[in-house]
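A.B. asks: Dropping in model_38.txt, which is compact mmCIF, C-alpha atoms:
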```txt
# COMPACT_ATOMS: atom_id res chain seq x y z
CA MET M 1 -14.69 -42.99 -64.61
CA SER M 2 -13.93 -39.46 -65.76
CA GLN M 3 -12.78 -36.97 -63.16
CA PRO M 4 -15.00 -33.96 -62.41
CA ALA M 5 -13.89 -30.71 -64.05
CA ARG M 6 -11.53 -28.73 -61.87
CA PRO M 7 -12.91 -25.25 -61.08
CA SER M 8 -10.85 -22.33 -62.24
CA ARG M 9 -9.94 -19.55 -59.85
CA ARG M 10 -12.54 -17.41 -61.54
CA ASP M 11 -15.19 -19.97 -60.56
CA LEU M 12 -14.26 -19.30 -56.94
CA ILE M 13 -15.70 -15.79 -57.21
CA VAL M 14 -19.16 -17.28 -57.39
CA ALA M 15 -18.69 -20.49 -55.45
CA ALA M 16 -16.53 -19.44 -52.53
CA PRO M 17 -16.16 -15.73 -51.89
CA LEU M 18 -13.38 -16.07 -49.34
CA ALA M 19 -11.56 -19.07 -50.78
CA VAL M 20 -7.79 -18.91 -51.27
CA ALA M 21 -6.58 -20.42 -54.54
CA ALA M 22 -3.07 -21.70 -55.11
CA THR M 23 -0.97 -20.11 -57.82
CA PRO M 24 -0.76 -22.63 -60.68
CA ALA M 25 2.45 -23.77 -62.29
CA LEU M 26 3.34 -22.28 -65.65
CA ALA M 27 2.44 -24.40 -68.66
CA ALA M 28 5.30 -26.34 -70.24
CA GLU M 29 7.60 -24.21 -72.38
CA VAL M 30 7.47 -26.59 -75.33
CA LEU M 31 4.02 -26.32 -76.86
CA PRO M 32 2.81 -28.46 -79.77
CA ALA M 33 2.50 -27.01 -83.24
CA GLY M 34 -0.76 -25.14 -83.63
CA ALA M 35 -1.20 -24.79 -79.86
CA LEU M 36 -2.23 -21.14 -80.21
CA LYS M 37 -4.15 -21.41 -83.48
CA GLY M 38 -7.05 -18.99 -83.57
CA ARG M 39 -5.68 -16.70 -80.83
CA SER M 40 -5.35 -13.02 -81.74
CA VAL M 41 -2.42 -11.34 -79.98
CA LEU M 42 -1.45 -7.66 -80.12
CA ILE M 43 2.17 -6.98 -79.16
CA THR M 44 3.67 -3.54 -78.57
CA GLY M 45 7.36 -2.80 -79.02
CA ALA M 46 7.77 -5.57 -81.61
CA SER M 47 10.67 -4.01 -83.51
CA SER M 48 13.30 -5.79 -81.41
CA GLY M 49 13.99 -7.72 -78.22
CA PHE M 50 11.25 -9.54 -76.35
CA GLY M 51 8.55 -8.10 -78.61
CA ARG M 52 10.06 -9.34 -81.86
CA LEU M 53 10.99 -12.76 -80.45
CA THR M 54 7.52 -13.20 -78.98
CA ALA M 55 5.81 -12.17 -82.20
CA LEU M 56 7.70 -14.78 -84.21
CA HIS M 57 7.34 -17.48 -81.57
CA LEU M 58 3.58 -17.05 -81.26
CA ALA M 59 3.14 -16.95 -85.04
CA GLY M 60 5.13 -20.18 -85.12
CA LEU M 61 2.53 -21.70 -82.78
CA GLY M 62 -0.30 -20.71 -85.08
CA ALA M 63 -1.45 -17.47 -83.47
CA HIS M 64 -2.65 -14.42 -85.38
CA VAL M 65 -0.09 -11.86 -84.26
CA ILE M 66 -0.62 -8.15 -84.72
CA ALA M 67 2.83 -6.70 -84.16
CA SER M 68 3.10 -2.99 -83.47
CA MET M 69 5.95 -0.52 -83.44
CA ARG M 70 6.64 3.19 -83.86
CA ASN M 71 7.47 4.88 -87.15
CA LEU M 72 6.17 2.02 -89.26
CA LYS M 73 6.61 4.03 -92.47
CA GLY M 74 3.88 2.08 -94.22
CA GLY M 75 5.65 -1.18 -93.44
CA ARG M 76 8.90 0.08 -94.97
CA ARG M 77 10.74 0.46 -91.67
CA PRO M 78 13.57 -2.12 -91.91
CA GLU M 79 12.60 -3.85 -88.66
CA ALA M 80 9.00 -4.11 -89.85
CA ALA M 81 9.91 -5.44 -93.29
CA SER M 82 12.29 -8.06 -91.87
CA LEU M 83 9.77 -9.16 -89.25
CA LYS M 84 7.07 -9.59 -91.88
CA ALA M 85 9.45 -11.51 -94.16
CA GLU M 86 10.61 -13.84 -91.39
CA ALA M 87 7.03 -14.59 -90.36
CA ALA M 88 5.92 -15.41 -93.90
CA SER M 89 6.94 -19.07 -93.60
CA LEU M 90 5.34 -19.60 -90.19
CA PRO M 91 1.99 -21.37 -89.74
CA GLY M 92 0.34 -18.40 -88.04
CA ARG M 93 -0.43 -14.97 -89.43
CA LEU M 94 1.45 -11.76 -88.70
CA ASP M 95 0.12 -8.29 -89.44
CA LEU M 96 1.68 -4.92 -88.65
CA VAL M 97 0.10 -1.82 -87.13
CA GLU M 98 1.68 1.45 -86.06
CA ILE M 99 1.47 2.31 -82.36
CA ASP M 100 3.58 4.72 -80.36
CA VAL M 101 2.34 4.06 -76.83
CA ILE M 102 3.06 7.62 -75.69
CA ARG M 103 0.57 8.96 -78.27
CA PRO M 104 -3.07 8.43 -77.25
CA ASP M 105 -4.27 8.98 -80.84
CA GLN M 106 -2.02 6.22 -82.15
CA VAL M 107 -3.02 3.88 -79.34
CA ALA M 108 -6.69 4.36 -80.25
CA SER M 109 -6.19 4.03 -84.00
CA GLY M 110 -3.73 1.15 -83.69
CA VAL M 111 -5.98 -0.91 -81.41
CA ALA M 112 -8.95 -0.22 -83.68
CA ALA M 113 -6.92 -1.45 -86.66
CA ALA M 114 -5.82 -4.54 -84.72
CA GLU M 115 -9.42 -5.36 -83.82
CA ARG M 116 -10.46 -5.03 -87.45
CA LEU M 117 -7.70 -7.43 -88.44
CA ALA M 118 -8.75 -9.84 -85.68
CA GLY M 119 -12.42 -9.60 -86.58
CA GLY M 120 -13.43 -8.32 -83.15
CA GLY M 121 -12.08 -8.01 -79.62
CA LEU M 122 -8.52 -9.23 -79.12
CA ASP M 123 -7.71 -12.38 -77.19
CA VAL M 124 -4.37 -11.17 -75.80
CA LEU M 125 -2.45 -7.95 -75.30
CA VAL M 126 1.31 -8.24 -74.72
CA SER M 127 2.18 -4.75 -73.46
CA ASN M 128 5.90 -4.91 -74.05
CA ALA M 129 7.01 -1.44 -75.24
CA GLY M 130 9.52 0.06 -72.85
CA ILE M 131 12.75 2.00 -72.52
CA GLY M 132 15.70 1.60 -70.18
CA LEU M 133 17.27 4.66 -68.57
CA SER M 134 19.65 4.56 -65.64
CA GLY M 135 21.79 6.92 -63.63
CA PRO M 136 21.32 8.88 -60.38
CA LEU M 137 17.91 10.48 -60.11
CA GLU M 138 19.22 14.03 -59.79
CA LEU M 139 20.43 13.71 -63.38
CA HIS M 140 16.99 12.68 -64.62
CA ASP M 141 15.66 15.93 -66.07
CA GLU M 142 12.10 16.54 -67.24
CA GLU M 143 12.81 15.04 -70.66
CA ALA M 144 14.16 11.81 -69.18
CA LEU M 145 11.41 11.43 -66.60
CA GLU M 146 8.72 12.17 -69.19
CA ALA M 147 10.10 9.54 -71.55
CA GLU M 148 10.39 6.91 -68.81
CA PHE M 149 6.95 7.32 -67.28
CA GLN M 150 5.12 7.91 -70.55
CA THR M 151 6.54 4.70 -72.03
CA ASN M 152 7.05 2.34 -69.10
CA LEU M 153 3.90 3.18 -67.12
CA LEU M 154 1.34 5.32 -68.91
CA GLY M 155 1.82 3.60 -72.25
CA GLY M 156 0.88 0.24 -70.76
CA LEU M 157 -2.21 1.69 -69.13
CA ARG M 158 -3.27 3.37 -72.38
CA MET M 159 -3.00 0.07 -74.21
CA ALA M 160 -4.97 -1.82 -71.58
CA ARG M 161 -7.78 0.75 -71.54
CA ALA M 162 -7.97 0.61 -75.33
CA VAL M 163 -8.31 -3.19 -75.61
CA LEU M 164 -10.54 -3.74 -72.59
CA PRO M 165 -13.94 -2.79 -74.06
CA GLY M 166 -13.60 -5.54 -76.66
CA MET M 167 -12.43 -8.06 -74.06
CA ARG M 168 -15.14 -7.18 -71.56
CA ALA M 169 -17.81 -7.47 -74.25
CA ARG M 170 -16.82 -11.12 -74.73
CA ARG M 171 -16.01 -11.67 -71.03
CA ALA M 172 -12.69 -13.11 -72.15
CA GLY M 173 -9.17 -11.87 -72.66
CA LEU M 174 -5.64 -11.78 -71.29
CA ILE M 175 -3.42 -8.77 -70.61
CA LEU M 176 0.31 -9.43 -70.20
CA PRO M 177 2.20 -6.29 -69.11
CA VAL M 178 5.94 -6.84 -69.35
CA SER M 179 7.46 -5.49 -66.16
CA SER M 180 10.89 -6.38 -64.72
CA GLN M 181 12.50 -7.84 -61.65
CA LEU M 182 13.21 -4.15 -60.94
CA GLY M 183 9.48 -3.67 -60.55
CA ARG M 184 9.81 -5.47 -57.20
CA ILE M 185 13.30 -4.53 -55.96
CA VAL M 186 15.19 -1.22 -55.97
CA MET M 187 18.73 -0.64 -57.26
CA PRO M 188 20.80 2.54 -56.94
CA ASN M 189 21.21 4.34 -60.26
CA MET M 190 18.00 2.68 -61.49
CA GLY M 191 15.51 4.80 -59.58
CA GLY M 192 13.74 6.19 -62.62
CA TYR M 193 13.33 2.79 -64.25
CA CYS M 194 12.32 1.13 -60.98
CA SER M 195 9.73 3.83 -60.31
CA GLY M 196 7.98 3.24 -63.63
CA LYS M 197 8.01 -0.53 -63.24
CA TRP M 198 6.84 -0.40 -59.61
CA GLY M 199 3.99 1.80 -60.80
CA LEU M 200 3.21 -0.68 -63.57
CA GLU M 201 3.12 -3.55 -61.08
CA ALA M 202 0.75 -1.67 -58.76
CA ALA M 203 -1.56 -0.54 -61.54
CA PHE M 204 -1.91 -3.96 -63.14
CA GLU M 205 -2.33 -5.80 -59.85
CA ALA M 206 -5.21 -3.44 -59.06
CA MET M 207 -6.57 -4.03 -62.56
CA ALA M 208 -6.30 -7.79 -62.11
CA TYR M 209 -8.62 -7.59 -59.10
CA GLU M 210 -11.03 -5.24 -60.88
CA LEU M 211 -11.21 -7.44 -63.98
CA ALA M 212 -11.57 -10.78 -62.18
CA PRO M 213 -15.39 -10.64 -62.08
CA LEU M 214 -15.47 -9.42 -65.70
CA GLY M 215 -13.76 -12.45 -67.26
CA VAL M 216 -10.38 -10.89 -68.14
CA ASP M 217 -7.07 -12.24 -66.83
CA VAL M 218 -3.94 -10.21 -66.03
CA THR M 219 -0.50 -11.73 -65.57
CA ILE M 220 2.49 -9.46 -64.94
CA VAL M 221 5.60 -10.84 -66.67
CA GLN M 222 8.82 -10.11 -64.74
CA PRO M 223 11.97 -10.68 -66.80
CA GLY M 224 15.42 -10.45 -65.29
CA GLY M 225 18.37 -9.06 -67.23
CA TYR M 226 18.58 -10.33 -70.82
CA PRO M 227 20.78 -9.29 -73.77
CA THR M 228 18.39 -7.20 -75.89
CA ARG M 229 18.64 -3.85 -77.64
CA ILE M 230 17.17 -2.05 -74.63
CA TRP M 231 20.70 -1.74 -73.26
CA GLU M 232 22.08 -0.23 -76.48
CA THR M 233 19.25 2.26 -76.87
CA GLY M 234 19.30 2.93 -73.13
CA SER M 235 23.02 3.73 -73.20
CA LYS M 236 22.44 6.34 -75.90
CA ALA M 237 19.60 7.89 -73.92
CA VAL M 238 21.75 7.98 -70.77
CA GLU M 239 24.57 9.80 -72.58
CA ALA M 240 22.10 12.33 -73.98
CA MET M 241 20.66 12.86 -70.51
CA ILE M 242 24.12 13.40 -69.00
CA ALA M 243 24.92 15.93 -71.72
CA ARG M 244 21.84 17.98 -70.78
CA ASN M 245 23.02 18.37 -67.18
CA PRO M 246 25.32 21.12 -65.91
CA PRO M 247 28.99 20.14 -65.45
CA GLU M 248 28.90 20.59 -61.66
CA ARG M 249 26.11 18.06 -61.29
CA VAL M 250 27.79 15.60 -63.64
CA GLN M 251 31.08 15.89 -61.76
CA ALA M 252 29.36 15.33 -58.40
CA TYR M 253 28.08 12.00 -59.69
CA ALA M 254 31.20 10.88 -61.55
CA GLN M 255 31.39 7.58 -59.66
CA HIS M 256 27.69 6.89 -60.17
CA ILE M 257 27.99 7.59 -63.89
CA ALA M 258 30.92 5.21 -64.21
CA MET M 259 28.91 2.50 -62.44
CA THR M 260 25.93 3.21 -64.66
CA ARG M 261 27.97 2.89 -67.84
CA ALA M 262 29.50 -0.36 -66.65
CA SER M 263 26.09 -1.78 -65.82
CA MET M 264 24.58 -0.82 -69.19
CA THR M 265 27.41 -2.48 -71.14
CA ALA M 266 27.92 -5.56 -68.94
CA PRO M 267 27.65 -8.93 -70.74
CA ARG M 268 24.39 -10.81 -70.29
CA ARG M 269 24.35 -14.44 -71.37
CA SER M 270 20.77 -15.51 -70.59
CA ASP M 271 18.52 -16.38 -73.52
CA PRO M 272 15.77 -13.80 -74.21
CA MET M 273 13.70 -16.57 -75.80
CA ASP M 274 12.88 -17.51 -72.20
CA VAL M 275 10.43 -14.61 -72.18
CA ALA M 276 8.78 -15.62 -75.46
CA HIS M 277 8.36 -19.18 -74.18
CA ALA M 278 6.90 -17.93 -70.89
CA ILE M 279 4.38 -15.71 -72.67
CA ALA M 280 3.30 -18.56 -74.93
CA GLY M 281 2.87 -20.78 -71.88
CA LEU M 282 0.73 -18.20 -70.13
CA ILE M 283 -1.52 -17.81 -73.18
CA ALA M 284 -1.93 -21.59 -73.35
CA LEU M 285 -3.11 -21.84 -69.74
CA ARG M 286 -6.84 -22.09 -69.09
CA ALA M 287 -8.60 -18.77 -68.49
CA GLY M 288 -8.93 -18.17 -64.77
CA ASP M 289 -5.90 -20.35 -63.95
CA ARG M 290 -3.12 -17.95 -64.83
CA PRO M 291 -0.85 -16.60 -62.08
CA LEU M 292 -0.87 -12.93 -61.17
CA ARG M 293 2.89 -12.72 -61.71
CA GLN M 294 5.39 -14.76 -63.69
CA PRO M 295 9.11 -14.16 -63.03
CA VAL M 296 11.32 -15.16 -65.97
CA HIS M 297 15.07 -15.69 -65.67
CA PRO M 298 17.46 -18.58 -64.97
CA ASP M 299 17.52 -17.33 -61.36
CA THR M 300 14.21 -15.98 -60.04
CA THR M 301 15.01 -16.58 -56.36
CA VAL M 302 14.85 -12.95 -55.26
CA THR M 303 11.83 -11.99 -57.37
CA THR M 304 9.90 -15.05 -56.23
CA ALA M 305 10.70 -14.31 -52.57
CA VAL M 306 9.51 -10.70 -52.86
CA ASN M 307 6.38 -11.77 -54.73
CA GLN M 308 5.52 -14.28 -52.03
CA ALA M 309 6.14 -11.84 -49.18
CA LEU M 310 3.94 -9.17 -50.72
CA SER M 311 1.32 -11.76 -51.66
CA ASP M 312 1.05 -12.66 -47.98
CA VAL M 313 0.52 -8.98 -47.17
CA GLN M 314 -2.19 -8.70 -49.84
CA ASP M 315 -3.92 -11.72 -48.33
CA ARG M 316 -4.03 -10.04 -44.94
CA VAL M 317 -5.34 -6.80 -46.39
CA LEU M 318 -7.91 -8.12 -48.84
CA SER M 319 -8.95 -11.69 -48.14
CA ARG M 320 -11.39 -10.99 -45.30
CA GLY M 321 -12.88 -7.79 -46.67
CA PRO M 322 -15.31 -6.99 -49.47
CA TYR M 323 -12.64 -7.78 -52.06
CA GLY M 324 -11.98 -11.29 -50.77
CA ALA M 325 -13.47 -13.04 -53.80
CA TRP M 326 -11.52 -10.85 -56.22
CA ARG M 327 -8.32 -11.52 -54.28
CA ALA M 328 -8.95 -15.26 -54.37
CA ALA M 329 -9.42 -15.15 -58.13
CA VAL M 330 -5.99 -13.59 -58.75
CA LYS M 331 -4.00 -15.34 -56.06
CA GLY M 332 -0.32 -14.74 -56.40
```
What would you get if you wrote out this structure as structure tokens?
C.D. replies:
Amino acid sequence: MSQPARPSRRDLIVAAPLAVAATPALAAEVLPAGALKGRSVLITGASSGFGRLTALHLAGLGAHVIASMRNLKGGRRPEAASLKAEAASLPGRLDLVEIDVIRPDQVASGVAAAERLAGGGLDVLVSNAGIGLSGPLELHDEEALEAEFQTNLLGGLRMARAVLPGMRARRAGLILPVSSQLGRIVMPNMGGYCSGKWGLEAAFEAMAYELAPLGVDVTIVQPGGYPTRIWETGSKAVEAMIARNPPERVQAYAQHIAMTRASMTAPRRSDPMDVAHAIAGLIALRAGDRPLRQPVHPDTTVTTAVNQALSDVQDRVLSRGPYGAWRAAVKG
């Protein structure tokens, strides 16, 4: 005898307004060929790091990937040309669009182009574009703070707002903002970066509740430290920021700067493909069954503990009030 269909968390909104749903396990990392065939996925920050790896991995699983980056130069940017060439032999399809997430005009035009390529509303947004700046906060001048918050927080919100009308129209879709373990804990000399990622976590958790009755899932991806180009580009940005500060201020923070430089250049041996596998697994999960947050790293002990502690607080705040059903639908 066949088993009755298991209700998704989204079903709980209608069936049990105050029900509490368990956070599901992530789908297996190894997905069969063609597992994501027919899925349209827009990825920001696809020139390197997690974005590039994810674009190629999803195309390898049959997805239609629309990879975006800044300064596309008509597809002649070296990172764009090499990405397109590498994807040519994969079973999925990969297209390129230009999006600088700090430019609202490019966000609008890039998402519109992606939707034309996809033939309608997108299935998935991987909001991955980000920058890494570190150093004591007194050294973070207006230029540094503007770059951090425009890219790491406001850029993700711009992208979500741009793709949501198409997702809501179909009552289906998945938004995957790429946060960090530093979106849940605070480190000295990382205050600017932590602030943007904490803001991202708050904004997209609120959005997850708001979108639950509208058919759109949100899962916040929380990578730990991985060896990607964010550290190289971040180191250059840190040195430029230091150079813009007066000598007295730089000298006062000499020890902090030395610690910052050591942290930015420290070896990291974890495999960044972990993030690409996790994103593919989240896409493969059934709509309504995806967790609110997904830590990714060989050691997620601290991030998982913080997530659980704050989840318990959210339960106390929301579960018995008017948002109880929305909270139940995004348990985690």
A.B. asks: Determine the nearest neighbour of Met241 of chain M from the options M:Ser134, M:Gln255, M:Ser127, M:Ser263, counting all atoms listed in the file.
C.D. replies: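 Smallest separation from Met241 of chain M among the options: M:Ser134.
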A.B. asks: Find, counting only C-alpha atoms, the residue in M:Val218, M:Leu145, M:Ala112, M:Ala67 that gets nearest to Ile283 of chain M.
C.D. replies: M:Val218
A.B. asks: Between M:Leu96, M:Val275, M:Val221, M:Met190, which one has atoms that come closest to Arg76 of chain M, using only C-alpha atoms?
C.D. replies: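 Closest to Arg76 of chain M, using only C-alpha atoms: M:Leu96.
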A.B. asks: Which residue out of M:Ala309, M:Val250, M:Ala208, M:Met159 has the minimum interatomic distance to Arg103 of chain M when all atoms listed in the file are used?
C.D. replies: M:Met159
A.B. asks: Using all atoms listed in the file, which residues sit within 8 Å of Ala280 of chain M once same-chain residues fewer than 2 positions away are excluded, as a list in words?
C.D. replies: Glu29, Thr54, His57, Leu58, Ala276, His277, Ala278, Leu282, Ile283 and Ala284 of chain M
A.B. asks: Store the residues of this selection in a file with C-alpha atoms, as a short mmCIF file (atom, residue, chain, number, x, y, z; two decimals), in the frame of the given file.
C.D. replies:
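Resulting contents of again-v7.cif:
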```cif
data_model
loop_
_atom_site.label_atom_id
_atom_site.label_comp_id
_atom_site.auth_asym_id
_atom_site.auth_seq_id
_atom_site.Cartn_x
_atom_site.Cartn_y
_atom_site.Cartn_z
CA GLU M 29 7.60 -24.21 -72.38
CA THR M 54 7.52 -13.20 -78.98
CA HIS M 57 7.34 -17.48 -81.57
CA LEU M 58 3.58 -17.05 -81.26
CA ALA M 276 8.78 -15.62 -75.46
CA HIS M 277 8.36 -19.18 -74.18
CA ALA M 278 6.90 -17.93 -70.89
CA LEU M 282 0.73 -18.20 -70.13
CA ILE M 283 -1.52 -17.81 -73.18
CA ALA M 284 -1.93 -21.59 -73.35
#
```
A.B. asks: For His140 of chain M, which of M:Ala240, M:Val126, M:Ala87, M:Ala81 is the closest residue, counting all atoms listed in the file?
C.D. replies: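 Among the listed residues, M:Ala240 lies closest to His140 of chain M.
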A.B. asks: What's the separation between atom CA of Gly199 of chain M and atom CA of Leu157 of chain M, in Å to one decimal place?
C.D. replies: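 Between atom CA of Gly199 of chain M and atom CA of Leu157 of chain M the gap is 10.4 Å.
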A.B. asks: Tell me, as a ChimeraX atom specification, which residues lie within 10 Å of Val296 of chain M, counting all atoms listed in the file; anything in the same chain fewer than 5 positions away does not count.
C.D. replies: /M:180-181,221-226,272,274-279,303-304
A.B. asks: Pick the closest to Ala59 of chain M from M:Leu176, M:Val41, M:Ala262, M:Val111: which is it, counting only C-alpha atoms?
C.D. replies: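 Under the stated criterion, the closest residue is M:Val41.
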A.B. asks: For atom CA of Leu61 of chain M and atom CA of Asp95 of chain M, determine how far apart the two atoms are, in Å to one decimal place.
C.D. replies: 15.2 Å
A.B. asks: Please identify all polymer residues lying at most 12 Å from the point (23.9, 10.6, -61.8) (file coordinates), using only C-alpha atoms, and present the result as a count of residues only.
C.D. replies: 37
A.B. asks: Interatomic distance between atom CA of Ala114 of chain M and atom CA of Thr219 of chain M?
C.D. replies: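 Separation of atom CA of Ala114 of chain M and atom CA of Thr219 of chain M: 21.1 Å.
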A.B. asks: Set the distance at 9 Å and use only C-alpha atoms: which residues neighbour Gly132 of chain M once local chain neighbours fewer than 4 positions away are removed? I'd like the list as number ranges by chain.
C.D. replies: M: 148, 152, 193, 230-231, 233-235, 237-238
A.B. asks: Please list, as a compact mmCIF listing (two decimals) with C-alpha atoms, in the frame of the given file, the residues that have an atom at most 7 Å away from (0.4, 2.5, -82.7) in the coordinates of this file, counting all atoms listed in the file.
C.D. replies:
```txt
# COMPACT_ATOMS: atom_id res chain seq x y z
CA SER M 68 3.10 -2.99 -83.47
CA MET M 69 5.95 -0.52 -83.44
CA ARG M 70 6.64 3.19 -83.86
CA VAL M 97 0.10 -1.82 -87.13
CA GLU M 98 1.68 1.45 -86.06
CA ILE M 99 1.47 2.31 -82.36
CA ASP M 100 3.58 4.72 -80.36
CA VAL M 101 2.34 4.06 -76.83
CA GLN M 106 -2.02 6.22 -82.15
CA VAL M 107 -3.02 3.88 -79.34
CA SER M 109 -6.19 4.03 -84.00
CA GLY M 110 -3.73 1.15 -83.69
```
A.B. asks: I'd like the contact shell of segment 163-171 of chain M - 8 Å cut-off, only C-alpha atoms, skipping same-chain residues fewer than 5 positions apart - returned as a PyMOL selection string.
C.D. replies: chain M and resi 111+120-123+125+214-216
A.B. asks: Can you write just those residues out, C-alpha atoms, as a PDB file, keeping the file's coordinate frame?
C.D. replies:
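Contents of part-v5.pdb, as written:
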```pdb
ATOM      1  CA  VAL M 111      -5.980  -0.910 -81.410  1.00  0.00           C
ATOM      2  CA  GLY M 120     -13.430  -8.320 -83.150  1.00  0.00           C
ATOM      3  CA  GLY M 121     -12.080  -8.010 -79.620  1.00  0.00           C
ATOM      4  CA  LEU M 122      -8.520  -9.230 -79.120  1.00  0.00           C
ATOM      5  CA  ASP M 123      -7.710 -12.380 -77.190  1.00  0.00           C
ATOM      6  CA  LEU M 125      -2.450  -7.950 -75.300  1.00  0.00           C
ATOM      7  CA  LEU M 214     -15.470  -9.420 -65.700  1.00  0.00           C
ATOM      8  CA  GLY M 215     -13.760 -12.450 -67.260  1.00  0.00           C
ATOM      9  CA  VAL M 216     -10.380 -10.890 -68.140  1.00  0.00           C
TER      10      VAL M 216
END
```
A.B. asks: Could you work out an axis-aligned bounding box for all listed atoms of segment 296-299 of chain M, with 3 Å added on each of the six sides, and give its centre and edge lengths in Å to one decimal, as JSON?
C.D. replies:
```
{"center_x": 14.4, "center_y": -16.9, "center_z": -63.7, "size_x": 12.2, "size_y": 9.4, "size_z": 10.6}
```
